[in-house]
>>> print(open('my_file.csv').read())   # CSV, C-alpha atoms and all ligand atoms
chain,number,residue,atom,x,y,z
K,561,MET,CA,-12.4,9.5,17.3
K,562,SER,CA,-13.3,6.7,14.9
K,563,ILE,CA,-14.1,7.0,11.2
K,564,THR,CA,-16.7,4.7,9.6
K,565,ALA,CA,-17.4,4.5,5.9
K,566,ARG,CA,-20.7,2.6,5.3
K,567,ALA,CA,-21.5,1.3,1.8
K,568,ILE,CA,-20.2,4.5,0.1
K,569,THR,CA,-20.7,4.8,-3.6
K,570,LYS,CA,-19.5,7.9,-5.4
K,571,ARG,CA,-20.1,8.5,-9.2
K,572,PHE,CA,-18.7,11.1,-11.5
K,573,GLY,CA,-21.2,11.0,-14.3
K,574,ALA,CA,-21.4,7.4,-15.6
K,575,PHE,CA,-18.0,6.6,-13.9
K,576,THR,CA,-18.1,4.9,-10.5
K,577,ALA,CA,-15.1,6.1,-8.5
K,578,LEU,CA,-16.1,4.5,-5.2
K,579,ASP,CA,-18.1,1.3,-5.3
K,580,ASP,CA,-19.7,0.1,-2.0
K,581,ILE,CA,-16.8,1.1,0.3
K,582,ASN,CA,-17.0,-0.2,3.9
K,583,LEU,CA,-14.3,0.8,6.3
K,584,ASP,CA,-13.8,1.1,10.0
K,585,VAL,CA,-10.9,3.2,11.3
K,586,GLU,CA,-10.4,3.0,15.1
K,587,SER,CA,-9.7,6.0,17.2
K,588,GLY,CA,-5.9,6.8,17.2
K,589,ASP,CA,-5.2,4.5,14.2
K,590,LEU,CA,-2.8,5.4,11.4
K,591,ILE,CA,-4.1,4.0,8.2
K,592,ALA,CA,-2.7,4.0,4.7
K,593,LEU,CA,-5.0,4.0,1.6
K,594,LEU,CA,-2.9,2.2,-1.0
K,595,GLY,CA,-3.7,1.4,-4.6
K,596,PRO,CA,-2.8,2.2,-8.2
K,597,SER,CA,-3.5,5.6,-9.8
K,598,GLY,CA,-7.2,6.3,-10.2
K,599,CYS,CA,-8.4,3.6,-7.8
K,600,GLY,CA,-10.3,6.2,-5.7
K,601,LYS,CA,-8.0,6.9,-2.8
K,602,THR,CA,-8.2,10.7,-3.0
K,603,THR,CA,-12.0,10.5,-3.6
K,604,LEU,CA,-12.5,8.5,-0.4
K,605,LEU,CA,-10.4,10.9,1.6
K,606,ARG,CA,-12.3,13.9,0.2
K,607,VAL,CA,-15.7,12.2,1.0
K,608,ILE,CA,-14.5,11.7,4.6
K,609,ALA,CA,-13.3,15.3,4.8
K,610,GLY,CA,-16.6,16.7,3.4
K,611,MET,CA,-15.0,18.0,0.2
K,612,GLU,CA,-17.2,15.6,-1.8
K,613,PHE,CA,-20.5,14.0,-1.0
K,614,PRO,CA,-21.3,10.3,-1.7
K,615,ASP,CA,-24.2,9.3,-3.9
K,616,GLU,CA,-25.0,6.4,-1.5
K,617,GLY,CA,-23.8,5.4,1.9
K,618,ALA,CA,-22.8,7.2,5.1
K,619,VAL,CA,-19.7,8.7,6.8
K,620,LEU,CA,-19.8,8.4,10.6
K,621,LEU,CA,-17.3,10.3,12.6
K,622,ASP,CA,-17.0,9.1,16.2
K,623,GLY,CA,-20.3,7.3,15.6
K,624,GLU,CA,-22.1,10.5,14.5
K,625,ASP,CA,-23.6,10.6,10.9
K,626,MET,CA,-21.6,13.4,9.2
K,627,THR,CA,-22.4,12.4,5.6
K,628,HIS,CA,-23.8,15.8,4.7
K,629,ALA,CA,-22.1,17.9,7.4
K,630,HIS,CA,-20.1,20.9,6.4
K,631,ILE,CA,-16.4,20.4,6.3
K,632,GLN,CA,-15.8,22.7,9.3
K,633,ARG,CA,-18.0,20.6,11.6
K,634,ARG,CA,-15.9,17.5,10.9
K,635,GLU,CA,-12.8,19.0,12.5
K,636,VAL,CA,-10.3,17.5,10.0
K,637,GLY,CA,-6.8,18.6,9.3
K,638,PHE,CA,-5.7,18.2,5.7
K,639,VAL,CA,-2.2,18.0,4.2
K,640,PHE,CA,-1.8,17.8,0.4
K,641,GLN,CA,1.0,16.6,-1.8
K,642,HIS,CA,1.9,20.1,-2.9
K,643,TYR,CA,2.5,22.0,0.3
K,644,ALA,CA,-0.1,24.7,0.0
K,645,LEU,CA,1.6,27.2,2.2
K,646,PHE,CA,0.8,30.9,1.7
K,647,ARG,CA,3.9,32.3,0.0
K,648,HIS,CA,3.5,35.8,1.3
K,649,MET,CA,3.3,34.7,4.9
K,650,THR,CA,6.2,33.6,7.2
K,651,VAL,CA,6.3,30.1,8.6
K,652,PHE,CA,4.9,31.5,11.9
K,653,GLU,CA,2.0,33.2,10.1
K,654,ASN,CA,1.2,30.1,8.1
K,655,VAL,CA,0.9,28.0,11.2
K,656,ALA,CA,-1.1,30.7,13.0
K,657,PHE,CA,-3.5,31.1,10.1
K,658,GLY,CA,-6.1,28.5,11.1
K,659,LEU,CA,-6.4,30.0,14.6
K,660,ARG,CA,-6.5,33.6,13.4
K,661,SER,CA,-9.3,32.8,10.9
K,662,ARG,CA,-11.6,31.6,13.6
K,663,PRO,CA,-14.7,33.7,14.4
K,664,ARG,CA,-13.9,36.4,16.9
K,665,ARG,CA,-15.7,34.6,19.8
K,666,GLU,CA,-13.7,31.4,19.3
K,667,ARG,CA,-10.4,33.0,18.5
K,668,PRO,CA,-7.6,32.5,21.1
K,669,SER,CA,-5.8,35.6,22.4
K,670,GLU,CA,-2.7,36.7,20.5
K,671,GLN,CA,-0.6,35.4,23.4
K,672,ALA,CA,-2.2,32.0,23.3
K,673,ILE,CA,-1.8,31.9,19.5
K,674,ARG,CA,1.9,32.6,19.8
K,675,HIS,CA,2.3,30.0,22.4
K,676,LYS,CA,0.5,27.4,20.3
K,677,VAL,CA,2.4,28.1,17.2
K,678,HIS,CA,5.8,27.9,18.9
K,679,GLU,CA,4.7,24.6,20.5
K,680,LEU,CA,3.8,23.2,17.1
K,681,LEU,CA,7.0,24.4,15.5
K,682,GLU,CA,8.9,22.7,18.3
K,683,LEU,CA,6.8,19.5,17.7
K,684,VAL,CA,7.8,19.4,14.0
K,685,GLN,CA,11.4,20.4,15.1
K,686,LEU,CA,11.5,23.6,13.0
K,687,GLY,CA,11.2,26.3,15.6
K,688,TRP,CA,14.3,28.0,14.2
K,689,LEU,CA,12.5,28.7,10.9
K,690,ALA,CA,9.6,30.7,12.3
K,691,ASP,CA,10.5,33.9,10.5
K,692,ARG,CA,11.3,32.4,7.1
K,693,PHE,CA,9.1,32.5,4.0
K,694,PRO,CA,8.1,29.2,2.3
K,695,ALA,CA,10.4,29.9,-0.7
K,696,GLN,CA,13.3,29.8,1.8
K,697,LEU,CA,12.5,26.2,2.9
K,698,SER,CA,13.4,22.8,1.5
K,699,GLY,CA,10.6,20.6,0.3
K,700,GLY,CA,10.7,18.4,3.4
K,701,GLN,CA,10.6,21.4,5.7
K,702,ARG,CA,7.6,22.9,3.9
K,703,GLN,CA,5.8,19.6,4.3
K,704,ARG,CA,6.5,19.6,8.0
K,705,ILE,CA,5.2,23.1,8.3
K,706,ALA,CA,2.1,22.1,6.3
K,707,LEU,CA,1.6,19.4,8.9
K,708,ALA,CA,2.1,21.9,11.8
K,709,ARG,CA,-0.5,24.2,10.1
K,710,ALA,CA,-3.0,21.3,9.8
K,711,LEU,CA,-2.5,20.4,13.5
K,712,ALA,CA,-2.9,24.0,14.7
K,713,ILE,CA,-6.7,23.8,14.8
K,714,GLU,CA,-6.4,20.6,17.0
K,715,PRO,CA,-8.2,18.4,14.4
K,716,ARG,CA,-9.9,15.3,15.6
K,717,TYR,CA,-8.8,13.6,12.3
K,718,LEU,CA,-5.8,14.1,10.1
K,719,LEU,CA,-6.1,13.3,6.4
K,720,LEU,CA,-2.9,13.3,4.3
K,721,ASP,CA,-3.0,13.0,0.5
K,722,GLU,CA,0.3,11.8,-0.7
K,723,PRO,CA,2.0,14.0,1.8
K,724,PHE,CA,5.5,13.1,0.7
K,725,GLY,CA,4.8,12.4,-3.0
K,726,ALA,CA,6.7,15.4,-4.3
K,727,LEU,CA,9.9,14.8,-2.3
K,728,ASP,CA,13.0,12.8,-3.2
K,729,ALA,CA,13.6,9.3,-1.9
K,730,SER,CA,15.9,10.0,1.0
K,731,VAL,CA,13.7,12.9,2.3
K,732,ARG,CA,10.6,10.8,2.0
K,733,LYS,CA,12.2,8.0,4.0
K,734,GLU,CA,13.2,10.4,6.8
K,735,LEU,CA,9.7,12.0,6.9
K,736,ARG,CA,7.9,8.7,7.0
K,737,ARG,CA,9.8,7.7,10.1
K,738,TRP,CA,9.2,11.2,11.5
K,739,LEU,CA,5.4,11.0,10.8
K,740,ARG,CA,5.2,7.6,12.6
K,741,HIS,CA,6.9,9.1,15.7
K,742,LEU,CA,4.7,12.2,15.6
K,743,HIS,CA,1.7,10.0,15.4
K,744,ASP,CA,2.9,7.9,18.4
K,745,GLU,CA,3.1,11.2,20.3
K,746,LEU,CA,-0.3,12.7,19.3
K,747,HIS,CA,-2.5,9.7,18.5
K,748,VAL,CA,-4.7,11.7,16.1
K,749,THR,CA,-6.8,9.3,14.0
K,750,SER,CA,-5.0,9.6,10.7
K,751,LEU,CA,-5.6,8.4,7.1
K,752,PHE,CA,-2.9,8.9,4.5
K,753,VAL,CA,-3.1,8.2,0.8
K,754,THR,CA,-0.1,6.7,-1.0
K,755,HIS,CA,0.6,4.6,-4.1
K,756,ASP,CA,4.0,3.6,-2.6
K,757,GLN,CA,3.7,0.2,-0.9
K,758,GLU,CA,7.0,0.6,0.9
K,759,GLU,CA,5.7,3.9,2.4
K,760,ALA,CA,2.4,2.2,3.5
K,761,MET,CA,4.3,-0.8,5.0
K,762,GLU,CA,6.7,1.5,6.9
K,763,VAL,CA,4.3,4.0,8.3
K,764,ALA,CA,0.8,2.5,8.7
K,765,SER,CA,-0.6,0.3,11.5
K,766,ARG,CA,-3.1,-1.0,9.0
K,767,ILE,CA,-3.3,-0.8,5.2
K,768,VAL,CA,-6.4,-0.5,3.0
K,769,VAL,CA,-5.6,-1.9,-0.4
K,770,MET,CA,-7.9,-0.4,-3.1
K,771,ASN,CA,-8.5,-1.3,-6.7
K,772,LYS,CA,-11.0,0.2,-9.2
K,773,GLY,CA,-13.1,1.9,-6.6
K,774,ARG,CA,-13.3,-1.1,-4.3
K,775,ILE,CA,-11.4,-2.3,-1.2
K,776,GLU,CA,-9.5,-5.5,-1.9
K,777,GLN,CA,-8.1,-6.1,1.6
K,778,VAL,CA,-7.7,-4.4,5.0
K,779,GLY,CA,-4.9,-5.6,7.3
K,780,THR,CA,-1.7,-5.0,9.1
K,781,PRO,CA,1.4,-4.8,6.8
K,782,GLU,CA,2.3,-8.4,7.7
K,783,GLU,CA,-1.2,-9.7,6.9
K,784,ILE,CA,-1.3,-7.9,3.6
K,785,TYR,CA,2.2,-9.2,2.6
K,786,ASP,CA,2.0,-12.8,4.0
K,787,HIS,CA,-1.7,-13.5,3.5
K,788,PRO,CA,-2.8,-11.5,0.4
K,789,ALA,CA,-6.6,-12.0,0.1
K,790,THR,CA,-6.8,-11.7,-3.6
K,791,PRO,CA,-4.7,-12.2,-6.8
K,792,PHE,CA,-4.6,-8.4,-7.1
K,793,VAL,CA,-3.1,-7.9,-3.7
K,794,SER,CA,-0.6,-10.7,-4.4
K,795,THR,CA,0.8,-8.9,-7.4
K,796,PHE,CA,0.4,-5.3,-6.2
K,797,ILE,CA,2.3,-5.8,-2.9
K,798,GLY,CA,5.9,-6.7,-3.6
K,799,ASN,CA,7.3,-8.6,-6.6
K,800,VAL,CA,6.0,-12.0,-7.4
K,801,ASN,CA,6.4,-14.8,-9.9
K,802,VAL,CA,3.1,-16.0,-11.3
K,803,LEU,CA,2.7,-19.7,-12.4
K,804,LYS,CA,-0.2,-21.2,-14.2
K,805,GLY,CA,-1.1,-24.9,-13.8
K,806,HIS,CA,-3.3,-27.5,-12.3
K,807,ILE,CA,-3.5,-29.7,-9.3
K,808,SER,CA,-2.5,-33.3,-9.1
K,809,ASN,CA,-1.9,-35.3,-5.9
K,810,GLY,CA,-1.5,-32.2,-3.8
K,811,ARG,CA,0.9,-30.6,-6.2
K,812,LEU,CA,0.8,-27.7,-8.6
K,813,LEU,CA,1.8,-29.0,-12.0
K,814,SER,CA,3.0,-26.2,-14.2
K,815,GLY,CA,4.8,-27.4,-17.4
K,816,ASP,CA,7.4,-29.9,-16.0
K,817,TRP,CA,7.4,-28.3,-12.6
K,818,GLN,CA,5.8,-29.9,-9.6
K,819,LEU,CA,5.4,-27.9,-6.4
K,820,PRO,CA,3.9,-29.4,-3.2
K,821,LEU,CA,0.9,-27.4,-2.0
K,822,GLY,CA,0.3,-28.7,1.5
K,823,GLU,CA,-2.6,-30.1,3.3
K,824,ASP,CA,-5.8,-28.3,2.2
K,825,THR,CA,-5.6,-29.4,-1.4
K,826,PRO,CA,-8.0,-32.3,-1.0
K,827,SER,CA,-10.9,-29.7,-0.8
K,828,VAL,CA,-9.9,-28.6,-4.3
K,829,ALA,CA,-11.0,-30.8,-7.2
K,830,LYS,CA,-8.2,-32.9,-8.7
K,831,GLY,CA,-7.2,-31.4,-12.0
K,832,ALA,CA,-8.5,-27.9,-11.0
K,833,SER,CA,-6.8,-25.0,-12.7
K,834,ILE,CA,-4.8,-22.9,-10.3
K,835,THR,CA,-2.6,-19.8,-10.3
K,836,GLY,CA,0.4,-19.9,-7.9
K,837,TYR,CA,2.3,-16.8,-6.6
K,838,VAL,CA,5.8,-17.2,-5.4
K,839,ARG,CA,7.8,-14.2,-4.1
K,840,PRO,CA,11.4,-13.8,-5.3
K,841,HIS,CA,12.8,-14.2,-1.8
K,842,ASP,CA,10.6,-17.4,-1.4
K,843,ILE,CA,12.7,-19.3,-3.9
K,844,ALA,CA,15.9,-21.0,-2.8
K,845,LEU,CA,18.7,-21.6,-5.3
K,846,LEU,CA,20.9,-24.7,-5.1
K,847,ARG,CA,23.6,-26.2,-7.2
K,848,PRO,CA,22.0,-29.2,-8.9
K,849,GLN,CA,24.7,-31.5,-7.8
K,850,ALA,CA,24.6,-30.3,-4.2
K,851,THR,CA,22.2,-32.9,-2.8
K,852,PRO,CA,20.1,-35.8,-4.2
K,853,GLU,CA,17.0,-33.7,-3.6
K,854,ALA,CA,18.5,-30.8,-5.5
K,855,ALA,CA,19.0,-33.1,-8.5
K,856,GLY,CA,15.2,-33.6,-8.7
K,857,LEU,CA,14.3,-29.9,-8.5
K,858,PRO,CA,13.4,-27.7,-11.6
K,859,ARG,CA,16.4,-26.2,-13.1
K,860,GLY,CA,17.2,-22.9,-14.7
K,861,ARG,CA,20.1,-20.9,-16.2
K,862,VAL,CA,21.3,-17.7,-14.5
K,863,HIS,CA,20.5,-14.9,-16.9
K,864,HIS,CA,21.4,-11.8,-14.9
K,865,ILE,CA,22.7,-11.0,-11.4
K,866,GLN,CA,21.9,-7.6,-9.9
K,867,PRO,CA,23.5,-6.6,-6.6
K,868,MET,CA,21.0,-4.4,-4.6
K,869,GLY,CA,23.0,-3.6,-1.5
K,870,GLY,CA,21.7,-6.0,1.2
K,871,THR,CA,20.3,-8.4,-1.3
K,872,TYR,CA,21.1,-9.9,-4.8
K,873,GLN,CA,18.5,-10.2,-7.5
K,874,PHE,CA,18.8,-13.1,-9.9
K,875,GLU,CA,16.9,-13.5,-13.2
K,876,ILE,CA,16.7,-17.2,-14.0
K,877,ALA,CA,15.6,-18.6,-17.4
K,878,PRO,CA,13.8,-21.9,-16.7
K,879,LEU,CA,15.4,-24.9,-18.4
K,880,ASP,CA,12.6,-27.3,-17.4
K,881,PRO,CA,9.4,-25.8,-19.0
K,882,VAL,CA,7.1,-23.9,-16.7
K,883,GLU,CA,4.0,-21.8,-17.5
K,884,LEU,CA,4.8,-18.3,-16.3
K,885,LEU,CA,2.3,-15.5,-16.6
K,886,ASP,CA,3.4,-12.5,-18.7
K,887,LYS,CA,7.1,-13.3,-18.6
K,888,SER,CA,9.7,-16.0,-19.4
K,889,ILE,CA,12.1,-15.2,-16.6
K,890,LEU,CA,11.9,-16.0,-12.9
K,891,GLU,CA,12.9,-13.5,-10.4
K,892,VAL,CA,14.8,-14.7,-7.3
K,893,GLU,CA,16.2,-12.7,-4.4
K,894,LEU,CA,18.9,-13.9,-2.1
K,895,SER,CA,20.5,-12.3,0.9
K,896,ARG,CA,24.0,-11.0,0.3
K,897,ARG,CA,25.3,-13.8,2.5
K,898,ASP,CA,23.5,-16.6,0.6
K,899,ALA,CA,24.5,-15.2,-2.7
K,900,ALA,CA,28.2,-15.0,-1.6
K,901,HIS,CA,28.0,-18.6,-0.4
K,902,LEU,CA,26.6,-19.9,-3.7
K,903,ASN,CA,28.9,-17.7,-5.7
K,904,LEU,CA,27.0,-18.2,-9.0
K,905,ALA,CA,27.9,-16.7,-12.3
K,906,VAL,CA,25.8,-15.8,-15.3
K,907,GLY,CA,25.3,-18.8,-17.5
K,908,GLU,CA,25.5,-21.4,-14.7
K,909,THR,CA,22.7,-23.9,-14.1
K,910,VAL,CA,20.9,-23.8,-10.8
K,911,ALA,CA,18.1,-25.9,-9.1
K,912,MET,CA,15.1,-23.9,-7.7
K,913,GLN,CA,13.0,-24.7,-4.7
K,914,ALA,CA,9.8,-22.7,-4.0
K,915,LEU,CA,9.6,-22.2,-0.2
K,916,THR,CA,6.2,-20.5,0.0
K,917,ILE,CA,3.4,-20.4,-2.6
K,918,HIS,CA,0.1,-18.5,-2.5
K,919,TRP,CA,-2.4,-19.9,-4.8
K,920,TYR,CA,-5.9,-19.4,-6.0
K,921,GLU,CA,-8.3,-21.6,-7.9
K,922,THR,CA,-8.9,-20.5,-11.4
K,923,ALA,CA,-12.6,-20.7,-12.5
K,924,VAL,CA,-13.2,-21.8,-16.0
K,925,SER,CA,-16.3,-20.5,-17.7
K,926,GLN,CA,-17.8,-21.0,-21.1
K,927,ALA,CA,-18.5,-17.9,-23.1
K,928,ASP,CA,-19.5,-17.9,-26.7
K,929,GLY,CA,-18.2,-21.4,-27.1
K,930,ASP,CA,-14.7,-20.2,-26.2
K,931,ARG,CA,-13.0,-21.5,-23.2
K,932,GLN,CA,-12.2,-18.4,-21.0
K,933,GLN,CA,-10.3,-18.4,-17.8
K,934,GLU,CA,-11.2,-16.0,-15.1
K,935,GLU,CA,-9.7,-15.8,-11.6
K,936,VAL,CA,-11.7,-16.4,-8.5
K,937,SER,CA,-10.9,-13.6,-6.2
K,938,ALA,CA,-11.1,-13.1,-2.5
K,939,GLU,CA,-12.8,-16.3,-1.4
K,940,THR,CA,-10.1,-18.9,-2.0
K,941,PRO,CA,-6.6,-17.8,-1.1
K,942,ARG,CA,-4.4,-20.7,0.0
K,943,ARG,CA,-0.8,-20.8,1.2
K,944,ALA,CA,1.6,-23.6,1.1
K,945,VAL,CA,4.9,-23.6,2.9
K,946,ALA,CA,7.6,-26.1,2.1
K,947,THR,CA,9.0,-27.9,5.1
K,1001,LIG,N1,-14.2,15.7,-10.1
K,1001,LIG,C1,-14.1,14.6,-10.8
K,1001,LIG,N2,-14.8,14.5,-12.0
K,1001,LIG,C2,-14.7,13.3,-12.8
K,1001,LIG,N3,-13.9,12.3,-12.5
K,1001,LIG,C3,-13.2,12.3,-11.3
K,1001,LIG,C4,-13.2,13.5,-10.5
K,1001,LIG,N4,-12.4,13.2,-9.4
K,1001,LIG,C5,-11.9,12.0,-9.6
K,1001,LIG,N5,-12.4,11.5,-10.8
K,1001,LIG,C6,-12.0,10.1,-11.3
K,1001,LIG,O1,-12.2,9.2,-10.3
K,1001,LIG,C7,-11.2,8.2,-10.3
K,1001,LIG,C8,-10.6,8.1,-8.9
K,1001,LIG,O2,-9.8,9.3,-8.7
K,1001,LIG,P1,-8.9,9.5,-7.4
K,1001,LIG,O3,-8.3,10.9,-7.5
K,1001,LIG,O4,-9.7,9.2,-6.2
K,1001,LIG,O5,-7.9,8.4,-7.6
K,1001,LIG,P2,-6.5,8.1,-6.8
K,1001,LIG,O6,-6.6,6.7,-6.4
K,1001,LIG,O7,-6.4,9.1,-5.7
K,1001,LIG,O8,-5.4,8.3,-7.9
K,1001,LIG,P3,-4.0,9.0,-7.9
K,1001,LIG,O9,-3.1,8.0,-7.1
K,1001,LIG,O10,-3.6,9.0,-9.3
K,1001,LIG,O11,-4.1,10.3,-7.2
K,1001,LIG,C9,-10.3,8.6,-11.4
K,1001,LIG,O12,-10.5,7.8,-12.5
K,1001,LIG,C10,-10.5,10.0,-11.6
K,1001,LIG,O13,-10.3,10.4,-13.0
>>> encode(input="my_file.csv", output="structure tokens", more="lines below")
Ligand SMILES: Nc1ncnc2c1ncn2[C@@H]1O[C@H](COP(=O)(O)OP(=O)(O)OP(=O)(O)O)[C@@H](O)[C@H]1O
Amino acid sequence: MSITARAITKRFGAFTALDDINLDVESGDLIALLGPSGCGKTTLLRVIAGMEFPDEGAVLLDGEDMTHAHIQRREVGFVFQHYALFRHMTVFENVAFGLRSRPRRERPSEQAIRHKVHELLELVQLGWLADRFPAQLSGGQRQRIALARALAIEPRYLLLDEPFGALDASVRKELRRWLRHLHDELHVTSLFVTHDQEEAMEVASRIVVMNKGRIEQVGTPEEIYDHPATPFVSTFIGNVNVLKGHISNGRLLSGDWQLPLGEDTPSVAKGASITGYVRPHDIALLRPQATPEAAGLPRGRVHHIQPMGGTYQFEIAPLDPVELLDKSILEVELSRRDAAHLNLAVGETVAMQALTIHWYETAVSQADGDRQQEEVSAETPRRAVAT
């Protein structure tokens, strides 16, 4: 039960909400559509469901062109952020609704409906709530009932639009894990929309990162995190320190900082402008006097220390000048064990070593006589790992 979006463009008046979207979802996959508010996630879901029709392109379901097919032919189950349960119906009646509204010829017998509903309520582990009304349920329970209701019609595809968006953090976390397990049991091809990267990482087998109506990258959570294809993905997924500089002898020179970039630098012109992305947990902190190497590393002053449970976040004000984008402080994250071992205090001086850098060439263009910088996107991501 695959889903294919082929060159889909969707406009609302002069605004292009989806811009040439190509996507292949394999049968049984669990995919997250992830991106900032307004990037087109919901619109793509609605186009696949048949609630919106694209201006250009095609939607194929299991290989069949369904671009203009009626929503009912597509056999999709839909779950929205705000659990749209019928307030005047019990949980049982809510879940039975889809089956009862079928045309008489296709409608199962009353006994078969009862059996199916009880089966589904057991699946979502809420059989004991069958006789309650939605107002008597918690938010998490309502969302699980909404999912049972969507599954009642035995959909070939499950589309979820921020299904846990309205719930508090601990309930969200529990439901994510639960959705993952449910999917492992049912294997319904599923697409869910989220703007929460942690949710996408935890639940999805593959993540589609969207920005301004376009797909920036499709990949497993590891691929997206470890090999971001574009500067947008580098900054959108996880925290990152962004350094501006240029290349000299296989190094990124940024202010007084020199960071080794690995082997593929010869293919980049000497002196080329580049932007480097270093994640907070990819910076090691050392005491400057610890080793001769540490003495040669860029230094900074500990500005703030924030315990976060399993990790510690450090804000470091550089003492050796470095060109940082948008901020003057570097973020560094250490495990609790490493932080305890170093035992740093605010105001102390540390040496910093970047362990992994993603970097992109920065194209320089002339416009109106002014020198403008503009980042090259997908084509040139590089990764350097310190040995
Ligand atoms: N019916 C509509 N008429 C006009 N503009 C629309 C319509 N539906 C969506 N849009 C616009 O299209 C863009 C994409 O909207 P969409 O709801 O798909 O974004 P999203 O990524 O799901 O955002 P969010 O995370 O905030 O829900 C937005 O700028 C939105 O204002």
>>> atom_distance(input="my_file.csv", atom1="atom CA of K:Gly573", atom2="atom O11 of ligand LIG 1001 (chain K)")
18.5 Å
>>> residues_around(input="my_file.csv", residues="K:Leu593", least_positions_apart="6", cutoff="7 Å", atoms="all atoms listed in the file", output="JSON, numbers by chain")
{"K": [601, 752, 753, 754, 767, 768, 769]}
>>> atom_distance(input="my_file.csv", atom1="atom CA of K:Asp580", atom2="atom CA of K:Met761")
25.0 Å
>>> closest_residue(input="my_file.csv", among="K:Gly617, K:Pro781, K:Pro858, K:Gly815", to="K:Val882", atoms="all atoms listed in the file")
K:Gly815
>>> residues_near_ligand(input="my_file.csv", ligand="ligand LIG 1001 (chain K)", cutoff="9 Å", atoms="only C-alpha atoms and all ligand atoms", output="PyMOL selection string")
chain K and resi 570-573+575-578+593-606+612+721-722+753-755+770-773
>>> write_last_selection(input="my_file.csv", atoms="C-alpha atoms", output="PDB file, keeping the file's coordinate frame")
ATOM      1  CA  LYS K 570     -19.500   7.900  -5.400  1.00  0.00           C
ATOM      2  CA  ARG K 571     -20.100   8.500  -9.200  1.00  0.00           C
ATOM      3  CA  PHE K 572     -18.700  11.100 -11.500  1.00  0.00           C
ATOM      4  CA  GLY K 573     -21.200  11.000 -14.300  1.00  0.00           C
ATOM      5  CA  PHE K 575     -18.000   6.600 -13.900  1.00  0.00           C
ATOM      6  CA  THR K 576     -18.100   4.900 -10.500  1.00  0.00           C
ATOM      7  CA  ALA K 577     -15.100   6.100  -8.500  1.00  0.00           C
ATOM      8  CA  LEU K 578     -16.100   4.500  -5.200  1.00  0.00           C
ATOM      9  CA  LEU K 593      -5.000   4.000   1.600  1.00  0.00           C
ATOM     10  CA  LEU K 594      -2.900   2.200  -1.000  1.00  0.00           C
ATOM     11  CA  GLY K 595      -3.700   1.400  -4.600  1.00  0.00           C
ATOM     12  CA  PRO K 596      -2.800   2.200  -8.200  1.00  0.00           C
ATOM     13  CA  SER K 597      -3.500   5.600  -9.800  1.00  0.00           C
ATOM     14  CA  GLY K 598      -7.200   6.300 -10.200  1.00  0.00           C
ATOM     15  CA  CYS K 599      -8.400   3.600  -7.800  1.00  0.00           C
ATOM     16  CA  GLY K 600     -10.300   6.200  -5.700  1.00  0.00           C
ATOM     17  CA  LYS K 601      -8.000   6.900  -2.800  1.00  0.00           C
ATOM     18  CA  THR K 602      -8.200  10.700  -3.000  1.00  0.00           C
ATOM     19  CA  THR K 603     -12.000  10.500  -3.600  1.00  0.00           C
ATOM     20  CA  LEU K 604     -12.500   8.500  -0.400  1.00  0.00           C
ATOM     21  CA  LEU K 605     -10.400  10.900   1.600  1.00  0.00           C
ATOM     22  CA  ARG K 606     -12.300  13.900   0.200  1.00  0.00           C
ATOM     23  CA  GLU K 612     -17.200  15.600  -1.800  1.00  0.00           C
ATOM     24  CA  ASP K 721      -3.000  13.000   0.500  1.00  0.00           C
ATOM     25  CA  GLU K 722       0.300  11.800  -0.700  1.00  0.00           C
ATOM     26  CA  VAL K 753      -3.100   8.200   0.800  1.00  0.00           C
ATOM     27  CA  THR K 754      -0.100   6.700  -1.000  1.00  0.00           C
ATOM     28  CA  HIS K 755       0.600   4.600  -4.100  1.00  0.00           C
ATOM     29  CA  MET K 770      -7.900  -0.400  -3.100  1.00  0.00           C
ATOM     30  CA  ASN K 771      -8.500  -1.300  -6.700  1.00  0.00           C
ATOM     31  CA  LYS K 772     -11.000   0.200  -9.200  1.00  0.00           C
ATOM     32  CA  GLY K 773     -13.100   1.900  -6.600  1.00  0.00           C
TER      33      GLY K 773
END
>>> atom_distance(input="my_file.csv", atom1="atom CA of K:Glu679", atom2="atom CA of K:Ala708")
9.5 Å
>>> residues_around(input="my_file.csv", residues="K:Gln866", least_positions_apart="6", cutoff="10 Å", atoms="only C-alpha atoms", output="ChimeraX atom specification")
/K:872-875,893
>>> write_last_selection(input="my_file.csv", atoms="C-alpha atoms", output="mmCIF file, keeping the file's coordinate frame")
data_model
loop_
_atom_site.group_PDB
_atom_site.id
_atom_site.type_symbol
_atom_site.label_atom_id
_atom_site.label_comp_id
_atom_site.auth_asym_id
_atom_site.auth_seq_id
_atom_site.Cartn_x
_atom_site.Cartn_y
_atom_site.Cartn_z
ATOM 1 C CA TYR K 872 21.100 -9.900 -4.800
ATOM 2 C CA GLN K 873 18.500 -10.200 -7.500
ATOM 3 C CA PHE K 874 18.800 -13.100 -9.900
ATOM 4 C CA GLU K 875 16.900 -13.500 -13.200
ATOM 5 C CA GLU K 893 16.200 -12.700 -4.400
#
>>> residues_around(input="my_file.csv", residues="K:Glu745", least_positions_apart="5", cutoff="12 Å", atoms="all atoms listed in the file", output="ChimeraX atom specification")
/K:588,683-684,738-740
